[in-house]
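Peer 1: Data file upload-v1.cif (mmCIF, C-alpha atoms) is appended below.
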data_my_file
loop_
_atom_site.group_PDB
_atom_site.id
_atom_site.type_symbol
_atom_site.label_atom_id
_atom_site.label_comp_id
_atom_site.auth_asym_id
_atom_site.auth_seq_id
_atom_site.Cartn_x
_atom_site.Cartn_y
_atom_site.Cartn_z
ATOM 1 C CA MET A 1 -20.422 -29.297 -15.092
ATOM 2 C CA GLU A 2 -17.821 -26.551 -15.536
ATOM 3 C CA PRO A 3 -15.436 -27.088 -18.493
ATOM 4 C CA LYS A 4 -12.060 -28.224 -17.201
ATOM 5 C CA GLY A 5 -10.246 -25.620 -19.283
ATOM 6 C CA HIS A 6 -12.105 -22.719 -17.671
ATOM 7 C CA ARG A 7 -11.456 -23.992 -14.157
ATOM 8 C CA GLN A 8 -7.783 -24.597 -14.864
ATOM 9 C CA ARG A 9 -7.299 -21.139 -16.358
ATOM 10 C CA ALA A 10 -9.087 -19.580 -13.394
ATOM 11 C CA LEU A 11 -6.804 -21.405 -10.955
ATOM 12 C CA GLU A 12 -3.714 -20.366 -12.915
ATOM 13 C CA VAL A 13 -4.782 -16.694 -12.882
ATOM 14 C CA ALA A 14 -5.336 -16.800 -9.110
ATOM 15 C CA GLN A 15 -1.997 -18.523 -8.520
ATOM 16 C CA VAL A 16 -0.088 -15.994 -10.615
ATOM 17 C CA ARG A 17 -1.891 -12.887 -9.345
ATOM 18 C CA GLY A 18 -2.298 -13.777 -5.686
ATOM 19 C CA ILE A 19 -5.167 -11.300 -5.527
ATOM 20 C CA ALA A 20 -6.984 -11.348 -8.865
ATOM 21 C CA ARG A 21 -9.553 -8.969 -10.311
ATOM 22 C CA GLY A 22 -12.534 -9.956 -12.387
ATOM 23 C CA SER A 23 -10.868 -8.283 -15.369
ATOM 24 C CA ASP A 24 -7.854 -10.611 -14.967
ATOM 25 C CA PHE A 25 -10.152 -13.604 -15.430
ATOM 26 C CA ASP A 26 -11.917 -11.897 -18.344
ATOM 27 C CA ALA A 27 -8.581 -11.401 -20.087
ATOM 28 C CA ALA A 28 -7.815 -15.105 -19.635
ATOM 29 C CA GLY A 29 -11.151 -16.091 -21.152
ATOM 30 C CA VAL A 30 -12.649 -17.311 -17.874
ATOM 31 C CA PRO A 31 -16.457 -16.822 -17.739
ATOM 32 C CA ARG A 32 -17.883 -15.059 -14.687
ATOM 33 C CA MET A 33 -20.060 -18.126 -14.075
ATOM 34 C CA THR A 34 -16.867 -20.108 -13.470
ATOM 35 C CA LEU A 35 -15.803 -17.596 -10.817
ATOM 36 C CA LYS A 36 -19.207 -17.833 -9.188
ATOM 37 C CA ARG A 37 -19.094 -21.637 -9.073
ATOM 38 C CA LEU A 38 -15.520 -21.787 -7.784
ATOM 39 C CA THR A 39 -16.482 -19.315 -5.058
ATOM 40 C CA GLU A 40 -19.603 -21.288 -4.137
ATOM 41 C CA GLU A 41 -17.481 -24.459 -3.945
ATOM 42 C CA GLY A 42 -15.043 -22.753 -1.581
ATOM 43 C CA VAL A 43 -12.110 -22.913 -4.018
ATOM 44 C CA PHE A 44 -11.978 -19.112 -4.252
ATOM 45 C CA LEU A 45 -12.577 -16.484 -1.597
ATOM 46 C CA ARG A 46 -14.260 -13.276 -2.697
ATOM 47 C CA ILE A 47 -12.382 -10.735 -0.591
ATOM 48 C CA GLY A 48 -14.032 -7.671 -2.057
ATOM 49 C CA ARG A 49 -16.060 -6.458 -4.989
ATOM 50 C CA GLY A 50 -14.375 -8.034 -7.999
ATOM 51 C CA LEU A 51 -11.377 -9.329 -5.996
ATOM 52 C CA TYR A 52 -10.603 -13.011 -5.491
ATOM 53 C CA ARG A 53 -7.910 -15.186 -3.922
ATOM 54 C CA LEU A 54 -7.436 -18.926 -3.583
ATOM 55 C CA ALA A 55 -8.930 -20.289 -0.366
ATOM 56 C CA GLY A 56 -6.202 -21.478 1.972
ATOM 57 C CA SER A 57 -3.470 -19.457 0.276
ATOM 58 C CA PRO A 58 -0.997 -17.852 2.694
ATOM 59 C CA SER A 59 -1.903 -14.221 3.333
ATOM 60 C CA ASP A 60 0.743 -11.648 4.186
ATOM 61 C CA VAL A 61 0.057 -9.481 7.229
ATOM 62 C CA ALA A 62 0.083 -6.534 4.832
ATOM 63 C CA ALA A 63 -2.485 -8.119 2.487
ATOM 64 C CA SER A 64 -4.772 -5.087 2.761
ATOM 65 C CA LEU A 65 -2.044 -2.991 1.123
ATOM 66 C CA ALA A 66 -1.990 -5.339 -1.851
ATOM 67 C CA GLU A 67 -5.788 -5.287 -2.065
ATOM 68 C CA ALA A 68 -5.800 -1.477 -2.112
ATOM 69 C CA VAL A 69 -3.218 -1.334 -4.901
ATOM 70 C CA ARG A 70 -5.115 -3.891 -6.975
ATOM 71 C CA VAL A 71 -8.121 -1.563 -6.768
ATOM 72 C CA GLN A 72 -6.139 1.595 -7.645
ATOM 73 C CA PRO A 73 -2.769 0.666 -9.228
ATOM 74 C CA ARG A 74 -1.675 4.311 -9.510
ATOM 75 C CA GLY A 75 -1.708 4.779 -5.746
ATOM 76 C CA VAL A 76 1.342 4.773 -3.476
ATOM 77 C CA ILE A 77 1.037 3.408 0.057
ATOM 78 C CA GLY A 78 2.185 6.078 2.497
ATOM 79 C CA LEU A 79 1.893 7.776 5.886
ATOM 80 C CA LEU A 80 0.454 5.595 8.675
ATOM 81 C CA SER A 81 0.271 2.475 6.497
ATOM 82 C CA ALA A 82 3.874 2.895 5.349
ATOM 83 C CA LEU A 83 5.008 3.703 8.905
ATOM 84 C CA GLN A 84 3.423 0.460 10.079
ATOM 85 C CA PHE A 85 4.950 -1.490 7.178
ATOM 86 C CA HIS A 86 8.426 -0.151 8.034
ATOM 87 C CA ASP A 87 7.851 -0.738 11.765
ATOM 88 C CA LEU A 88 8.178 2.969 12.550
ATOM 89 C CA THR A 89 5.030 3.438 14.608
ATOM 90 C CA THR A 90 3.013 1.829 17.360
ATOM 91 C CA GLN A 91 -0.177 3.080 15.679
ATOM 92 C CA THR A 92 -2.526 0.635 13.954
ATOM 93 C CA PRO A 93 -4.218 2.400 11.048
ATOM 94 C CA HIS A 94 -7.903 1.654 10.517
ATOM 95 C CA ALA A 95 -7.573 2.299 6.792
ATOM 96 C CA VAL A 96 -4.961 1.973 4.060
ATOM 97 C CA TRP A 97 -3.340 5.382 3.564
ATOM 98 C CA MET A 98 -2.727 5.987 -0.128
ATOM 99 C CA LEU A 99 -1.119 8.894 -1.964
ATOM 100 C CA LEU A 100 -2.820 9.769 -5.250
ATOM 101 C CA ALA A 101 -2.260 12.457 -7.856
ATOM 102 C CA PRO A 102 -4.849 15.270 -7.845
ATOM 103 C CA LYS A 103 -6.752 13.918 -10.882
ATOM 104 C CA ASP A 104 -6.516 10.195 -10.111
ATOM 105 C CA TRP A 105 -9.862 8.647 -9.208
ATOM 106 C CA ALA A 106 -10.442 7.641 -5.618
ATOM 107 C CA PRO A 107 -11.976 4.171 -5.107
ATOM 108 C CA THR A 108 -15.633 4.523 -4.114
ATOM 109 C CA ARG A 109 -16.445 1.074 -2.702
ATOM 110 C CA PRO A 110 -13.095 -0.667 -2.180
ATOM 111 C CA PRO A 111 -12.793 -4.039 -0.376
ATOM 112 C CA VAL A 112 -10.599 -2.338 2.224
ATOM 113 C CA LYS A 113 -11.064 1.143 3.631
ATOM 114 C CA ILE A 114 -8.750 3.599 1.848
ATOM 115 C CA ARG A 115 -7.742 7.042 3.131
ATOM 116 C CA VAL A 116 -6.701 9.129 0.123
ATOM 117 C CA ILE A 117 -4.109 11.882 0.427
ATOM 118 C CA ARG A 118 -3.447 14.013 -2.649
ATOM 119 C CA ALA A 119 0.143 14.673 -3.711
ATOM 120 C CA SER A 120 1.798 15.748 -6.934
ATOM 121 C CA GLY A 121 5.130 16.023 -8.715
ATOM 122 C CA ARG A 122 8.225 14.905 -6.856
ATOM 123 C CA ALA A 123 6.261 14.724 -3.590
ATOM 124 C CA LEU A 124 4.428 11.771 -5.140
ATOM 125 C CA SER A 125 7.098 10.196 -7.335
ATOM 126 C CA GLU A 126 10.271 10.432 -5.208
ATOM 127 C CA GLY A 127 11.228 7.957 -2.513
ATOM 128 C CA VAL A 128 8.989 5.106 -3.648
ATOM 129 C CA GLU A 129 10.026 1.489 -3.103
ATOM 130 C CA HIS A 130 8.306 -1.599 -4.495
ATOM 131 C CA HIS A 131 7.575 -4.629 -2.332
ATOM 132 C CA VAL A 132 5.920 -7.897 -3.319
ATOM 133 C CA ILE A 133 2.943 -8.620 -1.053
ATOM 134 C CA ASP A 134 0.666 -11.548 -1.844
ATOM 135 C CA GLN A 135 2.307 -11.670 -5.276
ATOM 136 C CA VAL A 136 1.308 -8.067 -5.944
ATOM 137 C CA LEU A 137 3.967 -5.398 -6.591
ATOM 138 C CA VAL A 138 3.064 -2.704 -4.069
ATOM 139 C CA PRO A 139 4.566 0.821 -4.227
ATOM 140 C CA ILE A 140 5.336 2.096 -0.720
ATOM 141 C CA THR A 141 7.146 5.250 0.334
ATOM 142 C CA SER A 142 10.630 4.556 1.731
ATOM 143 C CA PRO A 143 11.287 4.882 5.476
ATOM 144 C CA ALA A 144 12.919 8.327 5.125
ATOM 145 C CA LYS A 145 10.245 9.642 2.742
ATOM 146 C CA THR A 146 7.477 8.299 4.970
ATOM 147 C CA VAL A 147 8.885 10.060 8.027
ATOM 148 C CA VAL A 148 9.189 13.352 6.145
ATOM 149 C CA ASP A 149 5.656 12.981 4.761
ATOM 150 C CA SER A 150 4.495 12.463 8.341
ATOM 151 C CA PHE A 151 5.755 15.934 9.213
ATOM 152 C CA LYS A 152 4.175 17.393 6.068
ATOM 153 C CA TYR A 153 0.794 15.875 6.963
ATOM 154 C CA ARG A 154 1.213 16.213 10.726
ATOM 155 C CA ASN A 155 -2.221 17.831 10.960
ATOM 156 C CA LYS A 156 -3.722 14.557 9.676
ATOM 157 C CA ILE A 157 -1.717 11.971 11.629
ATOM 158 C CA GLY A 158 -0.419 13.974 14.610
ATOM 159 C CA LEU A 159 2.944 15.606 15.279
ATOM 160 C CA ASP A 160 3.646 13.100 18.056
ATOM 161 C CA VAL A 161 3.407 10.232 15.548
ATOM 162 C CA ALA A 162 5.808 12.013 13.191
ATOM 163 C CA VAL A 163 8.340 12.698 15.952
ATOM 164 C CA GLU A 164 8.142 9.093 17.193
ATOM 165 C CA ALA A 165 8.781 7.820 13.657
ATOM 166 C CA LEU A 166 11.758 10.157 13.184
ATOM 167 C CA ARG A 167 13.236 9.048 16.508
ATOM 168 C CA ASP A 168 12.818 5.363 15.622
ATOM 169 C CA LEU A 169 14.374 5.853 12.186
ATOM 170 C CA MET A 170 17.394 7.718 13.606
ATOM 171 C CA ARG A 171 17.999 5.031 16.248
ATOM 172 C CA ARG A 172 18.086 2.120 13.829
ATOM 173 C CA ALA A 173 21.312 0.220 13.307
ATOM 174 C CA GLY A 174 23.596 1.737 10.731
ATOM 175 C CA LYS A 175 24.184 5.316 9.660
ATOM 176 C CA PRO A 176 21.096 7.554 10.051
ATOM 177 C CA PRO A 177 19.838 8.653 6.606
ATOM 178 C CA ILE A 178 20.331 12.363 7.294
ATOM 179 C CA ASP A 179 20.998 13.315 3.667
ATOM 180 C CA GLU A 180 17.905 11.422 2.492
ATOM 181 C CA ILE A 181 15.753 13.062 5.131
ATOM 182 C CA TRP A 182 16.925 16.552 4.170
ATOM 183 C CA ARG A 183 16.378 15.831 0.451
ATOM 184 C CA PHE A 184 12.799 14.770 1.054
ATOM 185 C CA ALA A 185 12.273 17.630 3.519
ATOM 186 C CA GLU A 186 13.211 20.031 0.718
ATOM 187 C CA ILE A 187 10.800 18.328 -1.692
ATOM 188 C CA ASP A 188 7.994 18.434 0.894
ATOM 189 C CA ARG A 189 9.006 21.960 2.034
ATOM 190 C CA VAL A 190 9.174 21.063 5.699
ATOM 191 C CA GLN A 191 12.853 21.861 6.438
ATOM 192 C CA THR A 192 11.934 24.563 8.959
ATOM 193 C CA VAL A 193 9.466 22.294 10.758
ATOM 194 C CA MET A 194 11.868 19.359 10.961
ATOM 195 C CA ARG A 195 15.100 21.196 11.760
ATOM 196 C CA PRO A 196 14.719 21.437 15.569
ATOM 197 C CA TYR A 197 13.751 17.762 15.863
ATOM 198 C CA LEU A 198 16.640 16.616 13.677
ATOM 199 C CA GLU A 199 19.124 18.814 15.540
ATOM 200 C CA ALA A 200 17.936 17.369 18.849
ATOM 201 C CA LEU A 201 18.588 13.823 17.598
ATOM 202 C CA THR A 202 22.007 14.381 15.997
#
Transcribe the structure of this file into structure tokens.
Peer 2:
Amino acid sequence: MEPKGHRQRALEVAQVRGIARGSDFDAAGVPRMTLKRLTEEGVFLRIGRGLYRLAGSPSDVAASLAEAVRVQPRGVIGLLSALQFHDLTTQTPHAVWMLLAPKDWAPTRPPVKIRVIRASGRALSEGVEHHVIDQVLVPITSPAKTVVDSFKYRNKIGLDVAVEALRDLMRRAGKPPIDEIWRFAEIDRVQTVMRPYLEALT
């Protein structure tokens, strides 16, 4: 019989974390055998190597983004995944697109497929928002930064996808974020590429 204290601590960790890693349970003094038994009993779901959630807990449609960030906390969700999150594309990415610094390790066997794009300096740090998904704080590039990044990496996602995203962003209610777009275009060094498309939409 599993000690009540271990089970209770395990449940508390899962409730607080939403998506919990094995190391989270280790830090709380929960033995791995407790995790195994709770999983076998159907209390926990093992959603990936070393990742657990409570069975029956509500899952956000963007849960895969949270899972990816739990695996590599230094990553920033961007490009197609961020476009989808911000409702700026009709594309459905088959992987989580993540921006990582050149020397950050890329997950080798993550629970969700991750497409790593290397970025550095302001191109990685600027224009990052934080959203809570499944109780996980997930860094995601802002709408304007995501659109500009789409032009920078147009050879990876397609120029048509980038243009569609820019058009959708400019047509949204409120004042178009022209100044933001130009600031990020300067950081990403794509002013010349974007200029004709922006001029056509303004």
Peer 1: One number please: CA of Pro111 in chain A to CA of Ala20 in chain A, in Å, one decimal.
Peer 2: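 Interatomic distance, CA of Pro111 in chain A to CA of Ala20 in chain A: 12.6 Å.
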Peer 1: Out of A:Ala144, A:Met194, A:Leu11, A:Ala55, which residue has the shortest atom-to-atom distance to Glu129 in chain A when counting all atoms listed in the file?
Peer 2: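 Among A:Ala144, A:Met194, A:Leu11, A:Ala55, it is A:Ala144 that comes nearest to Glu129 in chain A.
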Peer 1: Looking at only C-alpha atoms, which of A:Val43, A:Leu198, A:Val190, A:Ala185 is the one that sits closest to Gln8 in chain A?
Peer 2: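 So, comparing all the options, the nearest one is A:Val43.
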Peer 1: Pick out the closest residue to Val116 in chain A from this set: A:Ser64, A:Ser23, A:Gln191, A:Ser81. Count only C-alpha atoms.
Peer 2: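 Between A:Ser64, A:Ser23, A:Gln191, A:Ser81, the residue approaching Val116 in chain A most closely is A:Ser81.
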Peer 1: List the neighbours of Leu100 in chain A out to 9 Å using only C-alpha atoms; skip same-chain residues closer than 6 positions along the sequence, and give me the result as a PyMOL selection string.
Peer 2: chain A and resi 74-76+106+116-120+124
Peer 1: Hey, which of A:Thr146, A:Ile133, A:Val193, A:Gly127 ends up closest to Leu159 in chain A? Count all atoms listed in the file.
Peer 2: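 Checking each of A:Thr146, A:Ile133, A:Val193, A:Gly127 against Leu159 in chain A, counting all atoms listed in the file, the winner is A:Val193.
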Peer 1: Set the distance at 9 Å and use all atoms listed in the file: which residues neighbour Glu164 in chain A once local chain neighbours fewer than 5 positions away are removed? I'd like the list as a list in words.
Peer 2: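 Using all atoms listed in the file, the neighbours found are Leu88, Thr89, Thr90, Leu159 and Leu169 of chain A.
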Peer 1: What gap, in Å, lies between CA of Glu186 in chain A and CA of Arg122 in chain A?
Peer 2: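 Calculated distance between CA of Glu186 in chain A and CA of Arg122 in chain A is 10.4 Å.
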Peer 1: Just how far from CA of His130 in chain A is CA of Asp26 in chain A, in Å to one decimal?
Peer 2: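 Answer for the CA of Asp26 in chain A to CA of His130 in chain A separation: 26.6 Å.
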Peer 1: From the options A:Ala101, A:Val136, A:Val30, A:Leu83, which residue's atoms come nearest to Asp168 in chain A, counting all atoms listed in the file?
Peer 2: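 Once distances to Asp168 in chain A are computed over all atoms listed in the file, the minimum belongs to A:Leu83.
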